[in-house]
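Everything on this sheet refers to the single structure shown next.
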Amino acid sequence: QVQLVESGGGLVQAGDSLRLSCAASGRTVSIYAMGWFRQAPGKEREVVAPINWNSGNTYYGDSVKGRFTISRDNAKNTVYLQMNSLEPEDTALYYCAARTQGGSSRFRVDIREYQYDSWGQGTRVTVSS
């Protein structure tokens, strides 16, 4: 496992942008995937945008396609989530996750929570209308 620390959340207005960061520490050599998930009040946690650590392949949840972009800096062991055109429906606690077990997959993007073994504490994003 690795330790994950998210940052960049905050209170913004609809239409604004935010950039979340997640820095990994510990056994980072074993990172095979990282991703962002979110949980809105009263709802289940859902996938936002994961990334294959080796190939850079990405996936986006339907509700964020075209507005959010995930990127990575392998040298810094950091993943970012650029969020544009934010909507009140994006209000949630955003979690960073990493998969360090199960080996490398060359092109697969892991989109299920159970595939991830390391989780951050979350950073809150609130979008006002």
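Chain labels A, B, ... are given in the sequence in which chains occur in the structure tokens; within each chain residues are numbered consecutively from 1, and ligands are likewise numbered from 1 in the order shown.
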Closest contacts (stretch 58-114 of chain A/stretch 23-42 of chain A, max 9 Å, only C-alpha atoms) as a tab-separated table:
```
residue	atom	partner	partner_atom	distance
A:Ile70	CA	A:Gly35	CA	8.2
A:Arg72	CA	A:Met34	CA	8.8
A:Lys76	CA	A:Ala23	CA	7.5
A:Asn77	CA	A:Ala24	CA	5.5
A:Thr78	CA	A:Ala23	CA	4.4
A:Val79	CA	A:Ala23	CA	6.7
A:Tyr80	CA	A:Trp36	CA	8.9
A:Leu81	CA	A:Trp36	CA	7.6
A:Glu89	CA	A:Ala40	CA	8.3
A:Asp90	CA	A:Ala40	CA	7.8
A:Thr91	CA	A:Ala40	CA	6.2
A:Ala92	CA	A:Ala40	CA	4.1
A:Leu93	CA	A:Gln39	CA	5.3
A:Tyr94	CA	A:Arg38	CA	4.3
A:Tyr95	CA	A:Phe37	CA	5.1
A:Cys96	CA	A:Trp36	CA	4.7
A:Ala97	CA	A:Gly35	CA	5.3
A:Ala98	CA	A:Met34	CA	4.3
A:Arg99	CA	A:Ala33	CA	5.1
A:Thr100	CA	A:Ile31	CA	4.6
A:Gln101	CA	A:Ser30	CA	7.4
A:Gly102	CA	A:Tyr32	CA	8.5
A:Gly103	CA	A:Tyr32	CA	6.9
A:Ser104	CA	A:Tyr32	CA	5.4
A:Ser105	CA	A:Tyr32	CA	7.4
A:Val109	CA	A:Ala33	CA	7.5
A:Asp110	CA	A:Ala33	CA	7.0
A:Ile111	CA	A:Gly35	CA	8.0
A:Glu113	CA	A:Phe37	CA	8.2
```
Keeping N, CA, C and O atoms for every residue in the selection just given, could you write it to a file as an mmCIF file, in the first residue's frame?
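That gives us selection_22.cif:
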```cif
data_model
loop_
_atom_site.group_PDB
_atom_site.id
_atom_site.type_symbol
_atom_site.label_atom_id
_atom_site.label_comp_id
_atom_site.auth_asym_id
_atom_site.auth_seq_id
_atom_site.Cartn_x
_atom_site.Cartn_y
_atom_site.Cartn_z
ATOM 1 N N ILE A 70 -7.971 14.004 -16.006
ATOM 2 C CA ILE A 70 -7.007 13.423 -15.076
ATOM 3 C C ILE A 70 -5.648 13.378 -15.756
ATOM 4 O O ILE A 70 -5.546 13.124 -16.968
ATOM 5 N N ARG A 72 -1.143 12.675 -14.758
ATOM 6 C CA ARG A 72 -0.219 12.144 -13.760
ATOM 7 C C ARG A 72 1.172 12.674 -13.991
ATOM 8 O O ARG A 72 1.543 13.029 -15.118
ATOM 9 N N LYS A 76 6.812 12.590 -9.755
ATOM 10 C CA LYS A 76 6.383 13.143 -8.473
ATOM 11 C C LYS A 76 5.389 12.240 -7.764
ATOM 12 O O LYS A 76 4.912 12.571 -6.675
ATOM 13 N N ASN A 77 5.052 11.115 -8.398
ATOM 14 C CA ASN A 77 4.054 10.205 -7.826
ATOM 15 C C ASN A 77 2.777 10.955 -7.469
ATOM 16 O O ASN A 77 2.209 10.780 -6.374
ATOM 17 N N THR A 78 2.346 11.785 -8.379
ATOM 18 C CA THR A 78 1.200 12.649 -8.134
ATOM 19 C C THR A 78 0.211 12.537 -9.288
ATOM 20 O O THR A 78 0.613 12.464 -10.448
ATOM 21 N N VAL A 79 -1.049 12.532 -8.936
ATOM 22 C CA VAL A 79 -2.108 12.544 -9.936
ATOM 23 C C VAL A 79 -2.944 13.800 -9.716
ATOM 24 O O VAL A 79 -3.102 14.261 -8.579
ATOM 25 N N TYR A 80 -3.429 14.346 -10.806
ATOM 26 C CA TYR A 80 -4.189 15.588 -10.763
ATOM 27 C C TYR A 80 -5.577 15.371 -11.368
ATOM 28 O O TYR A 80 -5.775 14.501 -12.211
ATOM 29 N N LEU A 81 -6.503 16.209 -10.940
ATOM 30 C CA LEU A 81 -7.826 16.219 -11.553
ATOM 31 C C LEU A 81 -8.185 17.675 -11.826
ATOM 32 O O LEU A 81 -8.445 18.441 -10.891
ATOM 33 N N GLU A 89 -23.983 19.840 -8.960
ATOM 34 C CA GLU A 89 -24.027 18.379 -8.845
ATOM 35 C C GLU A 89 -22.653 17.756 -8.632
ATOM 36 O O GLU A 89 -22.549 16.567 -8.310
ATOM 37 N N ASP A 90 -21.595 18.523 -8.817
ATOM 38 C CA ASP A 90 -20.241 18.030 -8.578
ATOM 39 C C ASP A 90 -19.846 18.129 -7.102
ATOM 40 O O ASP A 90 -18.764 17.681 -6.723
ATOM 41 N N THR A 91 -20.698 18.723 -6.300
ATOM 42 C CA THR A 91 -20.422 18.834 -4.872
ATOM 43 C C THR A 91 -20.303 17.452 -4.259
ATOM 44 O O THR A 91 -21.213 16.625 -4.376
ATOM 45 N N ALA A 92 -19.151 17.193 -3.635
ATOM 46 C CA ALA A 92 -18.892 15.866 -3.080
ATOM 47 C C ALA A 92 -17.562 15.871 -2.347
ATOM 48 O O ALA A 92 -16.792 16.831 -2.428
ATOM 49 N N LEU A 93 -17.323 14.767 -1.656
ATOM 50 C CA LEU A 93 -16.002 14.496 -1.088
ATOM 51 C C LEU A 93 -15.247 13.684 -2.127
ATOM 52 O O LEU A 93 -15.728 12.617 -2.542
ATOM 53 N N TYR A 94 -14.131 14.207 -2.569
ATOM 54 C CA TYR A 94 -13.354 13.567 -3.623
ATOM 55 C C TYR A 94 -12.217 12.769 -3.009
ATOM 56 O O TYR A 94 -11.401 13.317 -2.255
ATOM 57 N N TYR A 95 -12.161 11.498 -3.372
ATOM 58 C CA TYR A 95 -11.138 10.603 -2.859
ATOM 59 C C TYR A 95 -10.150 10.225 -3.948
ATOM 60 O O TYR A 95 -10.533 9.972 -5.089
ATOM 61 N N CYS A 96 -8.902 10.142 -3.549
ATOM 62 C CA CYS A 96 -7.858 9.604 -4.404
ATOM 63 C C CYS A 96 -7.614 8.156 -3.993
ATOM 64 O O CYS A 96 -7.655 7.837 -2.800
ATOM 65 N N ALA A 97 -7.364 7.307 -4.972
ATOM 66 C CA ALA A 97 -7.124 5.894 -4.689
ATOM 67 C C ALA A 97 -5.973 5.386 -5.538
ATOM 68 O O ALA A 97 -5.712 5.923 -6.626
ATOM 69 N N ALA A 98 -5.310 4.361 -5.041
ATOM 70 C CA ALA A 98 -4.210 3.736 -5.773
ATOM 71 C C ALA A 98 -4.326 2.228 -5.698
ATOM 72 O O ALA A 98 -4.784 1.666 -4.706
ATOM 73 N N ARG A 99 -3.906 1.585 -6.775
ATOM 74 C CA ARG A 99 -3.838 0.122 -6.791
ATOM 75 C C ARG A 99 -2.379 -0.275 -6.806
ATOM 76 O O ARG A 99 -1.634 0.118 -7.706
ATOM 77 N N THR A 100 -1.979 -1.019 -5.788
ATOM 78 C CA THR A 100 -0.582 -1.439 -5.694
ATOM 79 C C THR A 100 -0.452 -2.955 -5.688
ATOM 80 O O THR A 100 0.646 -3.469 -5.514
ATOM 81 N N GLN A 101 -1.548 -3.641 -5.845
ATOM 82 C CA GLN A 101 -1.527 -5.098 -5.845
ATOM 83 C C GLN A 101 -2.141 -5.624 -7.136
ATOM 84 O O GLN A 101 -2.842 -4.905 -7.844
ATOM 85 N N GLY A 102 -1.836 -6.868 -7.434
ATOM 86 C CA GLY A 102 -2.444 -7.493 -8.598
ATOM 87 C C GLY A 102 -1.632 -7.372 -9.864
ATOM 88 O O GLY A 102 -2.019 -7.902 -10.909
ATOM 89 N N GLY A 103 -0.498 -6.680 -9.812
ATOM 90 C CA GLY A 103 0.358 -6.602 -10.974
ATOM 91 C C GLY A 103 -0.064 -5.535 -11.969
ATOM 92 O O GLY A 103 -1.144 -4.942 -11.862
ATOM 93 N N SER A 104 0.809 -5.307 -12.904
ATOM 94 C CA SER A 104 0.574 -4.265 -13.905
ATOM 95 C C SER A 104 -0.334 -4.774 -15.016
ATOM 96 O O SER A 104 -0.243 -5.924 -15.430
ATOM 97 N N SER A 105 -1.212 -3.910 -15.467
ATOM 98 C CA SER A 105 -2.009 -4.205 -16.653
ATOM 99 C C SER A 105 -1.642 -3.159 -17.689
ATOM 100 O O SER A 105 -1.674 -1.964 -17.405
ATOM 101 N N VAL A 109 -7.876 0.058 -17.642
ATOM 102 C CA VAL A 109 -8.118 1.127 -16.683
ATOM 103 C C VAL A 109 -9.061 0.569 -15.624
ATOM 104 O O VAL A 109 -10.135 0.059 -15.951
ATOM 105 N N ASP A 110 -8.645 0.645 -14.386
ATOM 106 C CA ASP A 110 -9.408 0.070 -13.277
ATOM 107 C C ASP A 110 -10.457 1.065 -12.801
ATOM 108 O O ASP A 110 -10.120 2.135 -12.301
ATOM 109 N N ILE A 111 -11.726 0.700 -12.943
ATOM 110 C CA ILE A 111 -12.791 1.644 -12.631
ATOM 111 C C ILE A 111 -13.625 1.241 -11.423
ATOM 112 O O ILE A 111 -14.543 1.977 -11.041
ATOM 113 N N GLU A 113 -14.155 0.290 -7.330
ATOM 114 C CA GLU A 113 -13.565 0.604 -6.028
ATOM 115 C C GLU A 113 -12.758 -0.550 -5.464
ATOM 116 O O GLU A 113 -11.687 -0.346 -4.898
#
```
Report task. Among the residues of chain A, find those DSSP assigns to strand (DSSP E) from the backbone and print them as an MDAnalysis selection string. Result -> chainID A and resid 2:7 10:13 18:26 33:39 46:52 68:73 78:83 92:99 118:119 123:128
Query raised in the report: Of the residues A:Tyr116, A:Asp16, A:Glu44, A:Asn84, which is the one nearest to A:Phe68, using only C-alpha atoms?
Result: A:Asn84
Query - Residue among A:Ser118, A:Ser63, A:Thr69, A:Gln82 lying closest to A:Val2, counting only C-alpha atoms - result: A:Ser118
**Report entry** Residue contacts of A:Lys65 (12 Å, only C-alpha atoms) excluding same-chain residues fewer than 5 positions away, as JSON, numbers by chain
**Finding:** {"A": [47, 48, 49, 58, 59, 60, 70, 82, 83, 84, 85, 86]}
Please dump the current selection as an mmCIF file, in the first residue's frame; keep all heavy atoms.
```
data_model
loop_
_atom_site.group_PDB
_atom_site.id
_atom_site.type_symbol
_atom_site.label_atom_id
_atom_site.label_comp_id
_atom_site.auth_asym_id
_atom_site.auth_seq_id
_atom_site.Cartn_x
_atom_site.Cartn_y
_atom_site.Cartn_z
ATOM 1 N N VAL A 47 -17.129 6.376 -9.393
ATOM 2 C CA VAL A 47 -15.867 6.631 -10.082
ATOM 3 C C VAL A 47 -15.957 7.945 -10.841
ATOM 4 O O VAL A 47 -16.989 8.275 -11.437
ATOM 5 C CB VAL A 47 -15.528 5.464 -11.045
ATOM 6 C CG1 VAL A 47 -16.557 5.340 -12.154
ATOM 7 C CG2 VAL A 47 -14.124 5.642 -11.610
ATOM 8 N N VAL A 48 -14.879 8.708 -10.785
ATOM 9 C CA VAL A 48 -14.794 9.966 -11.525
ATOM 10 C C VAL A 48 -13.829 9.804 -12.690
ATOM 11 O O VAL A 48 -14.208 9.964 -13.847
ATOM 12 C CB VAL A 48 -14.330 11.115 -10.612
ATOM 13 C CG1 VAL A 48 -14.139 12.388 -11.412
ATOM 14 C CG2 VAL A 48 -15.331 11.329 -9.478
ATOM 15 N N ALA A 49 -12.561 9.478 -12.369
ATOM 16 C CA ALA A 49 -11.559 9.392 -13.423
ATOM 17 C C ALA A 49 -10.339 8.633 -12.920
ATOM 18 O O ALA A 49 -9.591 9.165 -12.105
ATOM 19 C CB ALA A 49 -11.144 10.789 -13.884
ATOM 20 N N THR A 58 -6.978 6.433 -19.743
ATOM 21 C CA THR A 58 -7.902 7.033 -18.782
ATOM 22 C C THR A 58 -9.339 6.586 -19.022
ATOM 23 O O THR A 58 -9.670 6.039 -20.075
ATOM 24 C CB THR A 58 -7.847 8.567 -18.851
ATOM 25 O OG1 THR A 58 -8.205 8.980 -20.183
ATOM 26 C CG2 THR A 58 -6.466 9.086 -18.509
ATOM 27 N N TYR A 59 -10.147 6.864 -18.032
ATOM 28 C CA TYR A 59 -11.593 6.619 -18.111
ATOM 29 C C TYR A 59 -12.276 7.779 -17.392
ATOM 30 O O TYR A 59 -11.746 8.307 -16.406
ATOM 31 C CB TYR A 59 -11.943 5.296 -17.426
ATOM 32 C CG TYR A 59 -13.424 5.060 -17.241
ATOM 33 C CD1 TYR A 59 -14.164 4.387 -18.195
ATOM 34 C CD2 TYR A 59 -14.076 5.523 -16.099
ATOM 35 C CE1 TYR A 59 -15.526 4.177 -18.023
ATOM 36 C CE2 TYR A 59 -15.429 5.328 -15.917
ATOM 37 C CZ TYR A 59 -16.152 4.648 -16.886
ATOM 38 O OH TYR A 59 -17.494 4.442 -16.717
ATOM 39 N N TYR A 60 -13.448 8.155 -17.879
ATOM 40 C CA TYR A 60 -14.210 9.218 -17.231
ATOM 41 C C TYR A 60 -15.649 8.787 -17.003
ATOM 42 O O TYR A 60 -16.279 8.189 -17.894
ATOM 43 C CB TYR A 60 -14.188 10.488 -18.086
ATOM 44 C CG TYR A 60 -12.817 11.102 -18.196
ATOM 45 C CD1 TYR A 60 -11.992 10.827 -19.285
ATOM 46 C CD2 TYR A 60 -12.328 11.937 -17.191
ATOM 47 C CE1 TYR A 60 -10.726 11.368 -19.367
ATOM 48 C CE2 TYR A 60 -11.063 12.484 -17.264
ATOM 49 C CZ TYR A 60 -10.266 12.195 -18.360
ATOM 50 O OH TYR A 60 -9.004 12.737 -18.441
ATOM 51 N N ILE A 70 -7.971 14.004 -16.006
ATOM 52 C CA ILE A 70 -7.007 13.423 -15.076
ATOM 53 C C ILE A 70 -5.648 13.378 -15.756
ATOM 54 O O ILE A 70 -5.546 13.124 -16.968
ATOM 55 C CB ILE A 70 -7.443 12.014 -14.613
ATOM 56 C CG1 ILE A 70 -6.520 11.501 -13.514
ATOM 57 C CG2 ILE A 70 -7.533 11.045 -15.783
ATOM 58 C CD1 ILE A 70 -6.993 10.217 -12.843
ATOM 59 N N GLN A 82 -8.152 18.035 -13.095
ATOM 60 C CA GLN A 82 -8.558 19.368 -13.497
ATOM 61 C C GLN A 82 -10.057 19.348 -13.730
ATOM 62 O O GLN A 82 -10.543 18.585 -14.574
ATOM 63 C CB GLN A 82 -7.833 19.790 -14.780
ATOM 64 C CG GLN A 82 -8.233 21.166 -15.297
ATOM 65 C CD GLN A 82 -7.830 22.280 -14.362
ATOM 66 O OE1 GLN A 82 -6.731 22.299 -13.826
ATOM 67 N NE2 GLN A 82 -8.727 23.239 -14.156
ATOM 68 N N MET A 83 -10.768 20.166 -12.989
ATOM 69 C CA MET A 83 -12.221 20.199 -13.070
ATOM 70 C C MET A 83 -12.664 21.558 -13.585
ATOM 71 O O MET A 83 -12.430 22.584 -12.939
ATOM 72 C CB MET A 83 -12.826 19.926 -11.688
ATOM 73 C CG MET A 83 -12.326 18.652 -11.035
ATOM 74 S SD MET A 83 -13.168 18.261 -9.495
ATOM 75 C CE MET A 83 -12.625 19.616 -8.471
ATOM 76 N N ASN A 84 -13.267 21.557 -14.752
ATOM 77 C CA ASN A 84 -13.756 22.785 -15.370
ATOM 78 C C ASN A 84 -15.283 22.777 -15.428
ATOM 79 O O ASN A 84 -15.919 21.733 -15.309
ATOM 80 C CB ASN A 84 -13.185 22.931 -16.777
ATOM 81 C CG ASN A 84 -11.677 23.038 -16.798
ATOM 82 O OD1 ASN A 84 -11.055 23.551 -15.868
ATOM 83 N ND2 ASN A 84 -11.074 22.555 -17.873
ATOM 84 N N SER A 85 -15.843 23.944 -15.633
ATOM 85 C CA SER A 85 -17.304 24.079 -15.757
ATOM 86 C C SER A 85 -18.025 23.338 -14.630
ATOM 87 O O SER A 85 -18.956 22.560 -14.865
ATOM 88 C CB SER A 85 -17.770 23.542 -17.115
ATOM 89 O OG SER A 85 -17.130 24.220 -18.176
ATOM 90 N N LEU A 86 -17.591 23.594 -13.425
ATOM 91 C CA LEU A 86 -18.162 22.889 -12.284
ATOM 92 C C LEU A 86 -19.645 23.206 -12.115
ATOM 93 O O LEU A 86 -20.091 24.329 -12.372
ATOM 94 C CB LEU A 86 -17.395 23.239 -11.020
ATOM 95 C CG LEU A 86 -16.048 22.509 -10.892
ATOM 96 C CD1 LEU A 86 -15.146 23.212 -9.895
ATOM 97 C CD2 LEU A 86 -16.274 21.058 -10.484
#
```
Query - A:Gly56 environment, 8 Å, only C-alpha atoms, sequence neighbours closer than 4 positions dropped, as a list in words - result: Ile51, Asn52, Ser71 and Arg72 of chain A
Selection to disk with N, CA, C and O atoms, as an mmCIF file, in the first residue's frame:
```
data_model
loop_
_atom_site.group_PDB
_atom_site.id
_atom_site.type_symbol
_atom_site.label_atom_id
_atom_site.label_comp_id
_atom_site.auth_asym_id
_atom_site.auth_seq_id
_atom_site.Cartn_x
_atom_site.Cartn_y
_atom_site.Cartn_z
ATOM 1 N N ILE A 51 -6.703 6.330 -13.926
ATOM 2 C CA ILE A 51 -5.672 6.356 -14.953
ATOM 3 C C ILE A 51 -4.744 5.163 -14.771
ATOM 4 O O ILE A 51 -4.398 4.809 -13.649
ATOM 5 N N ASN A 52 -4.383 4.542 -15.870
ATOM 6 C CA ASN A 52 -3.391 3.469 -15.853
ATOM 7 C C ASN A 52 -2.027 4.115 -15.670
ATOM 8 O O ASN A 52 -1.639 4.973 -16.469
ATOM 9 N N SER A 71 -4.610 13.641 -14.983
ATOM 10 C CA SER A 71 -3.248 13.558 -15.502
ATOM 11 C C SER A 71 -2.347 13.067 -14.380
ATOM 12 O O SER A 71 -2.742 13.057 -13.212
ATOM 13 N N ARG A 72 -1.143 12.675 -14.758
ATOM 14 C CA ARG A 72 -0.219 12.144 -13.760
ATOM 15 C C ARG A 72 1.172 12.674 -13.991
ATOM 16 O O ARG A 72 1.543 13.029 -15.118
#
```
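Across the structure, atom CA of A:Ser21 and atom CA of A:Ser128 are spaced 21.3 Å apart.
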**Report entry** Atomic separation - atom CA of A:Glu87 relative to atom CA of A:Gly120, Å
**Finding:** 23.5 Å
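Interatomic distance, atom CA of A:Asn74 against atom CA of A:Arg45: 26.1 Å.
The protein and nucleic acid residues lying at most 8 Å from stretch 9-14 of chain A are Leu18, Arg19, Leu20, Ser85, Leu86, Glu87, Pro88, Thr123, Arg124, Val125, Thr126, Val127, Ser128 and Ser129 of chain A, with only C-alpha atoms considered and sequence neighbours fewer than 4 positions away removed.
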